[in-house]
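Reviewing the structure listed below.
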Amino acid sequence: MPPARVKRVRGGRFALRITGAERDVLRSLPAQLRQLLTGGEAAADPDLHRLFPPAYPDDPQMAAEYDGMVRDDLMAERLAAIEVMERTIDSDRLSEDELLAWLSAINNLRLVLGTRLDIQEDLSELDVHPDDPRAESLALYAYLSILEEDAVAALS
């Protein structure tokens, strides 16, 4: 098992032990998520449904009312997490608040990617052939899952 990519260190900080290649992959993802979130049709984009699930799935009127009350706050939180991840992508140490922002951004990225890939089961149970056109995206999903797990473990 490879060493954890996120580890608690002295001073209430967290060591971010990811390679330059991993950082290069991660570097482009927040901007892509921001583009999805701020694009003109974000509210109707089915790939973002899991980021803004309806509070009242059986009552469209109540769901719309609730969405109207919370969407701006949720959007601001998601965009703030993206900004922190972008600003600290080259850092070797993160504060707890920064790591929590990373965790939020990574989770949001996983939710969108998982929706796009229509992941319905545990990824470890998927038998992915290297020639599968989704192989690269599934590998990214798996990587984000591991990074998220490491962050959660470091925080707990």
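In the structure tokens, each chain is lettered A, B, ... as it comes, each chain's residues begin at 1, and ligands are numbered from 1 in order of appearance.
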
Where does DSSP see strand (DSSP E or B) in chain A, if you list the residues as a PDB file with all heavy atoms, in the first residue's frame?
ATOM      1  N   VAL A   6      -1.696  12.511   2.237  1.00  0.00           N
ATOM      2  CA  VAL A   6      -1.955  13.595   3.189  1.00  0.00           C
ATOM      3  C   VAL A   6      -1.679  13.038   4.578  1.00  0.00           C
ATOM      4  O   VAL A   6      -2.183  11.979   4.938  1.00  0.00           O
ATOM      5  CB  VAL A   6      -3.411  14.104   3.107  1.00  0.00           C
ATOM      6  CG1 VAL A   6      -3.630  15.254   4.069  1.00  0.00           C
ATOM      7  CG2 VAL A   6      -3.781  14.498   1.682  1.00  0.00           C
ATOM      8  N   LYS A   7      -0.869  13.775   5.338  1.00  0.00           N
ATOM      9  CA  LYS A   7      -0.510  13.303   6.675  1.00  0.00           C
ATOM     10  C   LYS A   7      -0.475  14.484   7.625  1.00  0.00           C
ATOM     11  O   LYS A   7       0.063  15.544   7.307  1.00  0.00           O
ATOM     12  CB  LYS A   7       0.853  12.628   6.645  1.00  0.00           C
ATOM     13  CG  LYS A   7       1.268  12.065   7.971  1.00  0.00           C
ATOM     14  CD  LYS A   7       2.609  11.380   7.891  1.00  0.00           C
ATOM     15  CE  LYS A   7       2.949  10.852   9.265  1.00  0.00           C
ATOM     16  NZ  LYS A   7       4.276  10.317   9.335  1.00  0.00           N
ATOM     17  N   ARG A   8      -1.041  14.289   8.818  1.00  0.00           N
ATOM     18  CA  ARG A   8      -0.997  15.320   9.854  1.00  0.00           C
ATOM     19  C   ARG A   8       0.446  15.451  10.326  1.00  0.00           C
ATOM     20  O   ARG A   8       1.119  14.457  10.567  1.00  0.00           O
ATOM     21  CB  ARG A   8      -1.896  14.948  11.024  1.00  0.00           C
ATOM     22  CG  ARG A   8      -1.975  16.032  12.098  1.00  0.00           C
ATOM     23  CD  ARG A   8      -2.862  15.615  13.260  1.00  0.00           C
ATOM     24  NE  ARG A   8      -4.254  15.454  12.868  1.00  0.00           N
ATOM     25  CZ  ARG A   8      -5.166  16.432  12.895  1.00  0.00           C
ATOM     26  NH1 ARG A   8      -4.813  17.636  13.295  1.00  0.00           N
ATOM     27  NH2 ARG A   8      -6.404  16.209  12.536  1.00  0.00           N
ATOM     28  N   VAL A   9       0.902  16.692  10.463  1.00  0.00           N
ATOM     29  CA  VAL A   9       2.242  16.975  10.983  1.00  0.00           C
ATOM     30  C   VAL A   9       2.109  17.956  12.139  1.00  0.00           C
ATOM     31  O   VAL A   9       1.019  18.424  12.445  1.00  0.00           O
ATOM     32  CB  VAL A   9       3.187  17.520   9.879  1.00  0.00           C
ATOM     33  CG1 VAL A   9       3.469  16.445   8.836  1.00  0.00           C
ATOM     34  CG2 VAL A   9       2.631  18.770   9.222  1.00  0.00           C
ATOM     35  N   ARG A  13      -0.824  21.297  11.091  1.00  0.00           N
ATOM     36  CA  ARG A  13      -0.785  21.387   9.631  1.00  0.00           C
ATOM     37  C   ARG A  13      -0.790  19.987   9.038  1.00  0.00           C
ATOM     38  O   ARG A  13      -0.696  18.997   9.755  1.00  0.00           O
ATOM     39  CB  ARG A  13       0.420  22.200   9.187  1.00  0.00           C
ATOM     40  CG  ARG A  13       0.310  23.631   9.780  1.00  0.00           C
ATOM     41  CD  ARG A  13       1.199  24.658   9.196  1.00  0.00           C
ATOM     42  NE  ARG A  13       1.218  24.843   7.782  1.00  0.00           N
ATOM     43  CZ  ARG A  13       0.399  25.650   7.091  1.00  0.00           C
ATOM     44  NH1 ARG A  13      -0.556  26.295   7.703  1.00  0.00           N
ATOM     45  NH2 ARG A  13       0.556  25.816   5.800  1.00  0.00           N
ATOM     46  N   PHE A  14      -0.885  19.948   7.737  1.00  0.00           N
ATOM     47  CA  PHE A  14      -0.966  18.680   7.025  1.00  0.00           C
ATOM     48  C   PHE A  14       0.020  18.682   5.873  1.00  0.00           C
ATOM     49  O   PHE A  14       0.052  19.624   5.074  1.00  0.00           O
ATOM     50  CB  PHE A  14      -2.389  18.459   6.502  1.00  0.00           C
ATOM     51  CG  PHE A  14      -3.388  18.355   7.614  1.00  0.00           C
ATOM     52  CD1 PHE A  14      -3.952  19.502   8.168  1.00  0.00           C
ATOM     53  CD2 PHE A  14      -3.741  17.125   8.136  1.00  0.00           C
ATOM     54  CE1 PHE A  14      -4.855  19.423   9.212  1.00  0.00           C
ATOM     55  CE2 PHE A  14      -4.642  17.040   9.185  1.00  0.00           C
ATOM     56  CZ  PHE A  14      -5.205  18.181   9.725  1.00  0.00           C
ATOM     57  N   ALA A  15       0.835  17.623   5.822  1.00  0.00           N
ATOM     58  CA  ALA A  15       1.781  17.462   4.718  1.00  0.00           C
ATOM     59  C   ALA A  15       1.020  16.922   3.517  1.00  0.00           C
ATOM     60  O   ALA A  15       0.249  15.968   3.630  1.00  0.00           O
ATOM     61  CB  ALA A  15       2.903  16.506   5.113  1.00  0.00           C
ATOM     62  N   LEU A  16       1.247  17.549   2.393  1.00  0.00           N
ATOM     63  CA  LEU A  16       0.634  17.130   1.139  1.00  0.00           C
ATOM     64  C   LEU A  16       1.733  16.467   0.326  1.00  0.00           C
ATOM     65  O   LEU A  16       2.612  17.143  -0.220  1.00  0.00           O
ATOM     66  CB  LEU A  16       0.055  18.353   0.425  1.00  0.00           C
ATOM     67  CG  LEU A  16      -0.809  18.117  -0.793  1.00  0.00           C
ATOM     68  CD1 LEU A  16      -2.004  17.227  -0.457  1.00  0.00           C
ATOM     69  CD2 LEU A  16      -1.304  19.456  -1.328  1.00  0.00           C
ATOM     70  N   ARG A  93       2.529  22.008   2.550  1.00  0.00           N
ATOM     71  CA  ARG A  93       1.819  21.990   3.825  1.00  0.00           C
ATOM     72  C   ARG A  93       0.520  22.777   3.672  1.00  0.00           C
ATOM     73  O   ARG A  93       0.488  23.837   3.031  1.00  0.00           O
ATOM     74  CB  ARG A  93       2.646  22.656   4.940  1.00  0.00           C
ATOM     75  CG  ARG A  93       3.967  21.996   5.226  1.00  0.00           C
ATOM     76  CD  ARG A  93       3.790  20.890   6.256  1.00  0.00           C
ATOM     77  NE  ARG A  93       5.035  20.344   6.770  1.00  0.00           N
ATOM     78  CZ  ARG A  93       5.713  19.359   6.215  1.00  0.00           C
ATOM     79  NH1 ARG A  93       5.321  18.856   5.080  1.00  0.00           N
ATOM     80  NH2 ARG A  93       6.811  18.885   6.776  1.00  0.00           N
ATOM     81  N   LEU A  94      -0.526  22.249   4.298  1.00  0.00           N
ATOM     82  CA  LEU A  94      -1.824  22.910   4.285  1.00  0.00           C
ATOM     83  C   LEU A  94      -2.306  23.088   5.712  1.00  0.00           C
ATOM     84  O   LEU A  94      -2.051  22.241   6.571  1.00  0.00           O
ATOM     85  CB  LEU A  94      -2.862  22.063   3.526  1.00  0.00           C
ATOM     86  CG  LEU A  94      -2.603  21.762   2.050  1.00  0.00           C
ATOM     87  CD1 LEU A  94      -3.673  20.806   1.517  1.00  0.00           C
ATOM     88  CD2 LEU A  94      -2.558  23.032   1.232  1.00  0.00           C
TER      89      LEU A  94
END

At a cut-off of 10 Å, using only C-alpha atoms, what residues contact Arg116 in chain A? Leave out same-chain residues fewer than 6 positions from it and give the result as a list of chain:residue names.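 Residues near the query, excluding close chain neighbours: A:Pro46, A:Asp47, A:Leu48, A:Arg110, A:Ser137.
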
Grab the residues selected above and save them as a compact mmCIF listing (two decimals), in the first residue's frame with all heavy atoms.
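Dumped everything to out.txt:
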# COMPACT_ATOMS: atom_id res chain seq x y z
N PRO A 46 -27.18 18.20 -15.98
CA PRO A 46 -27.40 16.97 -15.20
C PRO A 46 -26.13 16.48 -14.50
O PRO A 46 -26.22 15.78 -13.49
CB PRO A 46 -27.90 15.97 -16.25
CG PRO A 46 -27.48 16.51 -17.56
CD PRO A 46 -27.40 18.00 -17.41
N ASP A 47 -24.96 16.85 -15.00
CA ASP A 47 -23.71 16.44 -14.36
C ASP A 47 -23.53 17.12 -13.00
O ASP A 47 -22.77 16.65 -12.17
CB ASP A 47 -22.51 16.76 -15.24
CG ASP A 47 -22.48 15.91 -16.50
OD1 ASP A 47 -23.12 14.84 -16.51
OD2 ASP A 47 -21.81 16.30 -17.46
N LEU A 48 -24.22 18.23 -12.77
CA LEU A 48 -24.11 18.95 -11.51
C LEU A 48 -25.24 18.62 -10.54
O LEU A 48 -25.28 19.14 -9.42
CB LEU A 48 -24.10 20.47 -11.77
CG LEU A 48 -22.95 20.98 -12.62
CD1 LEU A 48 -23.09 22.47 -12.86
CD2 LEU A 48 -21.62 20.65 -11.98
N ARG A 110 -15.30 14.55 -7.70
CA ARG A 110 -15.67 13.14 -7.75
C ARG A 110 -17.16 12.97 -8.07
O ARG A 110 -17.54 12.09 -8.85
CB ARG A 110 -15.37 12.44 -6.42
CG ARG A 110 -13.94 12.09 -6.20
CD ARG A 110 -13.75 11.29 -4.91
NE ARG A 110 -14.38 9.99 -5.02
CZ ARG A 110 -15.52 9.62 -4.44
NH1 ARG A 110 -16.18 10.44 -3.67
NH2 ARG A 110 -16.00 8.41 -4.61
N SER A 137 -10.66 8.30 -17.44
CA SER A 137 -11.55 8.99 -16.51
C SER A 137 -11.81 8.16 -15.26
O SER A 137 -11.89 8.70 -14.16
CB SER A 137 -12.89 9.32 -17.20
OG SER A 137 -12.69 10.26 -18.23

Quick one: distance from CA of Ala105 in chain A to CA of Ala81 in chain A in Å, one decimal? 5.5 Å

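Atom pair CA of Ala154 in chain A / CA of Arg17 in chain A has a distance of 12.0 Å (rounded to one decimal).
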
Using only C-alpha atoms, pick whichever of A:Met69, A:Leu74, A:Leu79, A:Ala135 has the shortest atom-to-atom distance to Pro30 in chain A.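 Closest to Pro30 in chain A of all the choices is A:Leu79.
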
For CA of Ile146 in chain A and CA of Ala4 in chain A, quote the distance in Å rounded to one decimal.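 Straight-line distance from CA of Ile146 in chain A to CA of Ala4 in chain A works out to 8.8 Å.
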
So, with only C-alpha atoms as the atoms that count, which of A:Leu109, A:Leu26, A:Met85, A:Leu100 lies closest to Leu155 in chain A?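 Going through A:Leu109, A:Leu26, A:Met85, A:Leu100 one by one, the smallest distance to Leu155 in chain A is for A:Leu100.
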
Assign secondary structure with DSSP using the backbone only, and return the residues of range 57-155 of chain A in helix (DSSP H, G or I) as a PyMOL selection string. chain A and resi 60-88+96-117+123-125+135-155

Using only C-alpha atoms, which protein or nucleic acid residues come within 10 Å of Pro53 in chain A? Drop anything in the same chain fewer than 4 positions from it, and give the result as a compact mmCIF listing (two decimals) with N, CA and C atoms, in the first residue's frame.
# COMPACT_ATOMS: atom_id res chain seq x y z
N LEU A 48 -24.22 18.23 -12.77
CA LEU A 48 -24.11 18.95 -11.51
C LEU A 48 -25.24 18.62 -10.54
N HIS A 49 -26.12 17.74 -10.94
CA HIS A 49 -27.29 17.40 -10.11
C HIS A 49 -26.88 16.95 -8.71
N PRO A 57 -37.61 15.93 -3.47
CA PRO A 57 -37.68 15.31 -4.79
C PRO A 57 -39.11 15.04 -5.28
N ALA A 63 -39.10 22.11 -3.89
CA ALA A 63 -37.69 21.93 -4.27
C ALA A 63 -37.15 23.21 -4.88
N ASP A 67 -34.23 25.45 -3.33
CA ASP A 67 -33.06 25.69 -4.18
C ASP A 67 -32.80 27.19 -4.29

Check the smallest atom-to-atom distance from each of A:Met75, A:Leu33, A:Ile18, A:Leu51 to Asp150 in chain A using only C-alpha atoms, then report the winner.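 Counting only C-alpha atoms, the residue closest to Asp150 in chain A is A:Ile18.
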